[in-house]
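The next block is work.txt, given as compact mmCIF, C-alpha atoms.
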```txt
# COMPACT_ATOMS: atom_id res chain seq x y z
CA MET L 6 -16.67 -14.24 -1.61
CA GLU L 7 -15.47 -12.77 -4.88
CA THR L 8 -11.71 -12.24 -5.14
CA LEU L 9 -9.98 -9.03 -6.13
CA LYS L 10 -8.79 -10.54 -9.40
CA HIS L 11 -12.39 -11.39 -10.42
CA LYS L 12 -13.60 -7.93 -9.44
CA THR L 13 -10.88 -6.39 -11.63
CA GLU L 14 -12.04 -8.47 -14.57
CA LYS L 15 -15.66 -7.33 -14.02
CA ALA L 16 -14.70 -3.65 -13.68
CA PHE L 17 -15.51 -2.97 -17.34
CA GLU L 18 -19.13 -4.15 -17.00
CA VAL L 19 -19.69 -2.15 -13.81
CA LEU L 20 -17.93 1.09 -14.78
CA LYS L 21 -18.62 1.29 -18.55
CA THR L 22 -21.70 3.54 -18.27
CA LYS L 23 -20.19 5.80 -15.62
CA ALA L 24 -16.83 6.28 -17.38
CA GLY L 25 -17.99 5.80 -20.97
CA TYR L 26 -15.77 2.83 -21.83
CA LYS L 27 -16.25 1.29 -25.26
CA ASN L 28 -13.62 -1.45 -24.96
CA LYS L 29 -12.64 -3.84 -22.14
CA MET L 30 -9.04 -2.70 -22.40
CA GLN L 31 -10.06 0.81 -21.29
CA ALA L 32 -11.09 -0.44 -17.84
CA PRO L 33 -8.49 0.29 -15.14
CA LYS L 34 -6.33 -2.43 -13.61
CA VAL L 35 -4.00 -2.54 -10.62
CA THR L 36 -0.47 -2.81 -12.01
CA LYS L 37 1.58 -2.86 -8.79
CA VAL L 38 1.58 -2.09 -5.08
CA VAL L 39 4.57 -0.32 -3.51
CA ILE L 40 5.11 -0.48 0.28
CA SER L 41 7.64 2.00 1.73
CA VAL L 42 8.99 2.25 5.28
CA GLY L 43 11.44 4.78 6.72
CA ILE L 44 13.73 3.42 9.45
CA GLY L 45 14.05 6.59 11.54
CA SER L 46 17.14 6.40 13.75
CA LEU L 47 20.22 5.18 11.91
CA LYS L 48 21.91 4.00 15.14
CA ASP L 49 19.43 1.34 16.29
CA LYS L 50 20.58 -1.75 14.35
CA ALA L 51 18.09 -4.05 16.12
CA LYS L 52 15.15 -1.90 15.01
CA ILE L 53 16.44 -1.82 11.43
CA LYS L 54 16.65 -5.63 11.39
CA LEU L 55 13.15 -5.88 12.94
CA ILE L 56 11.67 -3.59 10.27
CA ASP L 57 13.29 -5.67 7.53
CA ASN L 58 11.97 -8.95 9.00
CA ARG L 59 8.45 -7.65 9.71
CA LEU L 60 8.11 -6.13 6.23
CA ALA L 61 9.13 -9.47 4.72
CA LEU L 62 6.48 -11.23 6.86
CA ILE L 63 3.75 -8.77 5.89
CA THR L 64 4.46 -8.72 2.15
CA GLY L 65 5.84 -12.23 1.59
CA GLN L 66 8.83 -10.74 -0.21
CA LYS L 67 12.26 -9.48 0.89
CA ALA L 68 12.44 -5.70 1.16
CA ALA L 69 14.95 -3.70 -0.85
CA PRO L 70 16.99 -1.18 1.18
CA ARG L 71 16.81 2.48 0.07
CA THR L 72 19.63 4.97 0.50
CA ALA L 73 19.73 8.74 0.97
CA LYS L 74 20.24 10.68 -2.27
CA VAL L 75 21.54 13.82 -0.54
CA ALA L 76 23.13 14.57 2.82
CA ILE L 77 20.92 16.40 5.34
CA ALA L 78 22.78 17.79 8.36
CA ASN L 79 19.69 18.26 10.56
CA PHE L 80 18.87 14.55 10.23
CA LYS L 81 22.54 13.54 10.57
CA SER L 82 22.36 11.56 7.37
CA ARG L 83 24.97 11.34 4.67
CA GLU L 84 24.56 10.60 1.00
CA GLY L 85 24.32 6.82 0.59
CA ASP L 86 23.11 6.13 4.18
CA HIS L 87 20.50 3.42 4.55
CA ILE L 88 17.23 5.31 5.33
CA GLY L 89 14.38 2.92 4.51
CA TYR L 90 12.96 -0.14 2.83
CA GLN L 91 10.71 -0.61 -0.16
CA VAL L 92 8.80 -3.58 -1.56
CA THR L 93 7.12 -3.70 -4.98
CA LEU L 94 4.43 -6.36 -5.37
CA ARG L 95 3.00 -7.56 -8.67
CA GLY L 96 0.80 -10.44 -9.77
CA ALA L 97 -0.51 -13.00 -7.26
CA ARG L 98 1.40 -11.52 -4.27
CA MET L 99 -0.08 -8.11 -5.04
CA HIS L 100 -3.63 -9.50 -5.14
CA ASP L 101 -3.08 -11.49 -1.92
CA PHE L 102 -1.67 -8.44 -0.13
CA LEU L 103 -4.57 -6.22 -1.21
CA GLU L 104 -7.10 -8.86 -0.08
CA ARG L 105 -5.48 -8.99 3.37
CA LEU L 106 -5.26 -5.19 3.54
CA ILE L 107 -8.92 -4.60 2.63
CA HIS L 108 -10.59 -7.46 4.49
CA ILE L 109 -8.34 -8.13 7.50
CA ALA L 110 -5.83 -5.36 8.29
CA LEU L 111 -7.83 -2.13 7.78
CA PRO L 112 -10.84 -3.30 9.84
CA ARG L 113 -8.41 -4.12 12.69
CA THR L 114 -7.30 -0.48 12.85
CA LYS L 115 -8.32 1.28 16.04
CA ASP L 116 -11.41 3.53 15.56
CA PHE L 117 -11.58 2.65 11.85
CA ARG L 118 -14.25 4.60 9.95
CA GLY L 119 -12.93 4.23 6.42
CA ILE L 120 -10.09 5.59 4.31
CA SER L 121 -10.05 8.97 2.61
CA LYS L 122 -10.97 9.33 -1.07
CA ASN L 123 -8.69 12.37 -1.30
CA SER L 124 -5.52 10.25 -1.32
CA ALA L 125 -5.89 9.53 -5.04
CA ASP L 126 -3.73 11.57 -7.38
CA GLU L 127 -4.31 12.77 -10.95
CA MET L 128 -2.12 10.02 -12.44
CA GLY L 129 -4.34 7.17 -11.22
CA ASN L 130 -2.44 6.19 -8.06
CA TYR L 131 -3.78 5.85 -4.52
CA THR L 132 -1.48 6.28 -1.50
CA LEU L 133 -2.50 5.14 1.96
CA GLY L 134 -0.55 5.81 5.15
CA ILE L 135 -0.66 3.30 7.99
CA LYS L 136 0.56 4.38 11.43
CA GLU L 137 1.01 0.94 12.99
CA HIS L 138 2.20 -2.20 11.21
CA THR L 139 0.62 -4.31 13.96
CA ILE L 140 -2.75 -4.26 12.18
CA PHE L 141 -1.47 -7.11 9.99
CA PRO L 142 -2.08 -10.49 11.66
CA GLU L 143 1.43 -11.73 10.76
CA THR L 144 2.96 -9.32 13.27
CA ALA L 145 0.39 -9.31 16.08
CA ASP L 146 2.60 -11.24 18.55
CA GLU L 147 5.36 -8.67 18.92
CA GLU L 148 6.18 -6.09 21.56
CA LEU L 149 4.63 -2.65 21.18
CA LYS L 150 7.87 -0.67 21.62
CA ASP L 151 9.04 -1.12 18.02
CA VAL L 152 5.96 -0.09 16.06
CA PHE L 153 6.54 1.51 12.66
CA GLY L 154 4.34 3.00 9.98
CA MET L 155 4.28 2.49 6.24
CA ALA L 156 3.07 4.06 3.03
CA ILE L 157 1.15 1.83 0.62
CA THR L 158 0.79 3.06 -2.96
CA VAL L 159 -1.64 1.27 -5.28
CA VAL L 160 -0.62 2.01 -8.89
CA THR L 161 -3.44 1.62 -11.43
CA THR L 162 -3.94 2.30 -15.12
CA ALA L 163 -6.74 4.78 -14.36
CA LYS L 164 -6.44 8.15 -16.12
CA SER L 165 -8.00 10.47 -13.53
CA LYS L 166 -8.68 10.94 -9.84
CA THR L 167 -12.40 10.16 -10.09
CA GLU L 168 -11.74 7.10 -12.24
CA VAL L 169 -9.33 5.61 -9.67
CA GLN L 170 -11.78 6.38 -6.83
CA ASP L 171 -14.64 4.60 -8.65
CA PHE L 172 -12.40 1.65 -9.54
CA LEU L 173 -11.08 1.17 -5.99
CA GLU L 174 -14.60 1.50 -4.59
CA HIS L 175 -15.68 -1.28 -6.97
CA LEU L 176 -12.77 -3.43 -5.71
CA GLY L 177 -14.04 -3.05 -2.15
CA PHE L 178 -11.77 -0.42 -0.61
CA PRO L 179 -13.56 0.83 2.54
CA PHE L 180 -13.89 4.58 1.82
CA LYS L 181 -15.46 7.05 4.25
CA LYS L 182 -19.09 7.80 3.52
```
Representation of the structure as structure tokens:
Amino acid sequence: METLKHKTEKAFEVLKTKAGYKNKMQAPKVTKVVISVGIGSLKDKAKIKLIDNRLALITGQKAAPRTAKVAIANFKSREGDHIGYQVTLRGARMHDFLERLIHIALPRTKDFRGISKNSADEMGNYTLGIKEHTIFPETADEELKDVFGMAITVVTTAKSKTEVQDFLEHLGFPFKK
């Protein structure tokens, strides 16, 4: 099976006629993957610790805590409160994570029929929301009461929405037909 890194290197050959590339450096590349998780209730310290540990297991990297920038009374949060975690992956960890996401985790999703092409933005990024972190095999042994979701953003060097869609389709992202 061809790896994601090799597919990225061959993207120029595959996409040059469709996108009109004249140089290999014009072909898009994945620069980083950002995984974000909100912690929800600020009172449940055990759940916060579980989210931190599970995110480290899934990504292979310690998560950085994120704080609230403004106070919101309805959510009972103050400025500076711990409200989530974020992990930025680059290089080999990024490629390994994307391989596991595409080939193992997404197919394990209940009633999976593909991901939406509409989640790409005009700046060349693709954001995917996952409702349950239990689709990753690293966390399959846990109880189902503390399930959390995450947002995965794939940042590429693509210049348009259609370019990022074509590039990710070439990489093997399972889009809806």
Worksheet item: Within 8 Å of segment 41-48 of chain L, counting only C-alpha atoms, which residues qualify if same-chain residues fewer than 5 places away don't, as a list in words?
Response: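 The neighbour list is Ile53, Ile56, His87, Ile88, Gly89, Tyr90, Gln91, Val92, Phe153, Gly154, Met155, Ala156 and Ile157 of chain L.
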Worksheet entry | Pick from L:Gly96, L:Gly25, L:Gly65, L:Pro179, whichever lies nearest to Ile109 of chain L using all atoms listed in the file |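 The closest residue to Ile109 of chain L is L:Pro179.
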Worksheet item: Which is closer to Ile140 of chain L than all the others in L:Thr8, L:Thr36, L:Thr114, L:Thr93, using all atoms listed in the file?
Response: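 The answer is L:Thr114, which sits nearest to Ile140 of chain L.
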Please provide the set of residues having any atom within 9 Å of Val169 of chain L, restricted to only C-alpha atoms, with same-chain residues fewer than 5 positions apart removed, written as an mmCIF file with C-alpha atoms, in the frame of the given file.
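around.cif was written with the following content:
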```
data_model
loop_
_atom_site.group_PDB
_atom_site.id
_atom_site.type_symbol
_atom_site.label_atom_id
_atom_site.label_comp_id
_atom_site.auth_asym_id
_atom_site.auth_seq_id
_atom_site.Cartn_x
_atom_site.Cartn_y
_atom_site.Cartn_z
ATOM 1 C CA PRO L 33 -8.490 0.290 -15.140
ATOM 2 C CA ALA L 125 -5.890 9.530 -5.040
ATOM 3 C CA ASP L 126 -3.730 11.570 -7.380
ATOM 4 C CA GLU L 127 -4.310 12.770 -10.950
ATOM 5 C CA MET L 128 -2.120 10.020 -12.440
ATOM 6 C CA GLY L 129 -4.340 7.170 -11.220
ATOM 7 C CA ASN L 130 -2.440 6.190 -8.060
ATOM 8 C CA TYR L 131 -3.780 5.850 -4.520
ATOM 9 C CA THR L 161 -3.440 1.620 -11.430
ATOM 10 C CA THR L 162 -3.940 2.300 -15.120
ATOM 11 C CA ALA L 163 -6.740 4.780 -14.360
ATOM 12 C CA LYS L 164 -6.440 8.150 -16.120
ATOM 13 C CA GLU L 174 -14.600 1.500 -4.590
#
```
Discussion item. Between atom CA of Ser124 of chain L and atom CA of Lys34 of chain L, what is the distance in Å, rounded to a tenth?
Written reply: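 Atom CA of Lys34 of chain L lies 17.7 Å from atom CA of Ser124 of chain L.
Comparing L:Thr167, L:Thr72, L:Thr132, L:Ser121 by their smallest distance to Gly85 of chain L, the closest is L:Thr72 (using only C-alpha atoms).
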Practice prompt. Tell me, in Å to one decimal, how far atom CA of Lys181 of chain L is from atom CA of Leu111 of chain L.
Written response: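 One can read the atom CA of Lys181 of chain L to atom CA of Leu111 of chain L distance as 12.4 Å.
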Item to complete: In the coordinates of the file, take the point (0.8, 0.5, -3.9) and a cut-off of 7 Å; then, counting all atoms listed in the file, name each qualifying protein, DNA or RNA residue as a list in words.
Response: Lys37, Val38, Val39, Ile40, Thr132, Ile157, Thr158, Val159 and Val160 of chain L
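You will find atom CA of Ile120 of chain L at 28.4 Å from atom CA of Lys52 of chain L.
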Practice prompt. Find the residue from L:Phe180, L:Arg105, L:His100, L:Asp116 that sits nearest to Lys12 of chain L; use all atoms listed in the file when measuring.
Written response: L:His100
Worksheet item: Nearest to Asp171 of chain L: which of L:Lys67, L:Ala16, L:Lys27, L:Arg59 is it, counting all atoms listed in the file?
Response: L:Ala16
Worksheet entry | Counting all atoms listed in the file, the residue of L:Glu168, L:Ile135, L:Gly119, L:Leu176 that sits nearest Tyr26 of chain L |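 The answer is L:Glu168, which sits nearest to Tyr26 of chain L.
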Worksheet item: So which residues touch Phe141 of chain L within 12 Å, counting all atoms listed in the file, skipping near sequence neighbours fewer than 4 positions away, as a ChimeraX atom specification?
Response: /L:59-60,62-64,102-114,135-137,145-147,152,154-155
Around segment 73-79 of chain L, with edges along x, y and z and 8 Å added on all six sides, what centre and edge lengths do you get, in Å to one decimal, as lines of an AutoDock Vina configuration file?
```
center_x = 21.4
center_y = 13.5
center_z = 4.1
size_x = 19.4
size_y = 25.5
size_z = 28.8
```
Please, could N, CA and C atoms be added to segment 30-60 of chain L and the result written as a short mmCIF file (atom, residue, chain, number, x, y, z; two decimals), keeping the file's coordinate frame?
```cif
data_model
loop_
_atom_site.label_atom_id
_atom_site.label_comp_id
_atom_site.auth_asym_id
_atom_site.auth_seq_id
_atom_site.Cartn_x
_atom_site.Cartn_y
_atom_site.Cartn_z
N MET L 30 -10.41 -3.10 -22.71
CA MET L 30 -9.04 -2.70 -22.40
C MET L 30 -8.96 -1.30 -21.80
N GLN L 31 -10.03 -0.52 -21.88
CA GLN L 31 -10.06 0.81 -21.29
C GLN L 31 -10.28 0.76 -19.78
N ALA L 32 -10.82 -0.32 -19.27
CA ALA L 32 -11.09 -0.44 -17.84
C ALA L 32 -9.78 -0.44 -17.06
N PRO L 33 -9.73 0.24 -15.92
CA PRO L 33 -8.49 0.29 -15.14
C PRO L 33 -8.14 -1.07 -14.52
N LYS L 34 -6.85 -1.23 -14.27
CA LYS L 34 -6.33 -2.43 -13.61
C LYS L 34 -5.29 -1.98 -12.59
N VAL L 35 -5.07 -2.79 -11.58
CA VAL L 35 -4.00 -2.54 -10.62
C VAL L 35 -2.74 -3.14 -11.21
N THR L 36 -1.70 -2.31 -11.41
CA THR L 36 -0.47 -2.81 -12.01
C THR L 36 0.56 -3.23 -10.96
N LYS L 37 0.65 -2.49 -9.86
CA LYS L 37 1.58 -2.86 -8.79
C LYS L 37 1.19 -2.18 -7.50
N VAL L 38 1.75 -2.68 -6.40
CA VAL L 38 1.58 -2.09 -5.08
C VAL L 38 2.97 -1.88 -4.51
N VAL L 39 3.26 -0.66 -4.06
CA VAL L 39 4.57 -0.32 -3.51
C VAL L 39 4.40 0.00 -2.03
N ILE L 40 5.15 -0.70 -1.17
CA ILE L 40 5.11 -0.48 0.28
C ILE L 40 6.45 0.12 0.68
N SER L 41 6.42 1.30 1.32
CA SER L 41 7.64 2.00 1.73
C SER L 41 7.65 2.22 3.23
N VAL L 42 8.82 2.04 3.84
CA VAL L 42 8.99 2.25 5.28
C VAL L 42 10.29 3.00 5.51
N GLY L 43 10.23 4.08 6.30
CA GLY L 43 11.44 4.78 6.72
C GLY L 43 11.91 4.18 8.03
N ILE L 44 13.24 4.10 8.24
CA ILE L 44 13.73 3.42 9.45
C ILE L 44 13.95 4.36 10.63
N GLY L 45 13.89 5.66 10.41
CA GLY L 45 14.05 6.59 11.54
C GLY L 45 15.50 6.69 11.96
N SER L 46 15.80 6.29 13.19
CA SER L 46 17.14 6.40 13.75
C SER L 46 18.10 5.45 13.04
N LEU L 47 19.23 5.99 12.62
CA LEU L 47 20.22 5.18 11.91
C LEU L 47 21.09 4.36 12.87
N LYS L 48 21.03 4.65 14.16
CA LYS L 48 21.91 4.00 15.14
C LYS L 48 21.36 2.67 15.66
N ASP L 49 20.05 2.52 15.69
CA ASP L 49 19.43 1.34 16.29
C ASP L 49 19.39 0.18 15.29
N LYS L 50 20.45 -0.64 15.30
CA LYS L 50 20.58 -1.75 14.35
C LYS L 50 19.52 -2.82 14.58
N ALA L 51 19.11 -3.04 15.82
CA ALA L 51 18.09 -4.05 16.12
C ALA L 51 16.75 -3.66 15.52
N LYS L 52 16.41 -2.36 15.59
CA LYS L 52 15.15 -1.90 15.01
C LYS L 52 15.17 -2.01 13.49
N ILE L 53 16.31 -1.72 12.88
CA ILE L 53 16.44 -1.82 11.43
C ILE L 53 16.23 -3.27 10.99
N LYS L 54 16.82 -4.21 11.71
CA LYS L 54 16.65 -5.63 11.39
C LYS L 54 15.20 -6.06 11.60
N LEU L 55 14.55 -5.56 12.67
CA LEU L 55 13.15 -5.88 12.94
C LEU L 55 12.25 -5.37 11.82
N ILE L 56 12.48 -4.15 11.36
CA ILE L 56 11.67 -3.59 10.27
C ILE L 56 11.82 -4.43 9.02
N ASP L 57 13.05 -4.83 8.70
CA ASP L 57 13.29 -5.67 7.53
C ASP L 57 12.55 -7.00 7.63
N ASN L 58 12.64 -7.65 8.80
CA ASN L 58 11.97 -8.95 9.00
C ASN L 58 10.45 -8.82 8.97
N ARG L 59 9.92 -7.82 9.65
CA ARG L 59 8.45 -7.65 9.71
C ARG L 59 7.87 -7.31 8.33
N LEU L 60 8.58 -6.49 7.57
CA LEU L 60 8.11 -6.13 6.23
C LEU L 60 8.11 -7.36 5.32
#
```
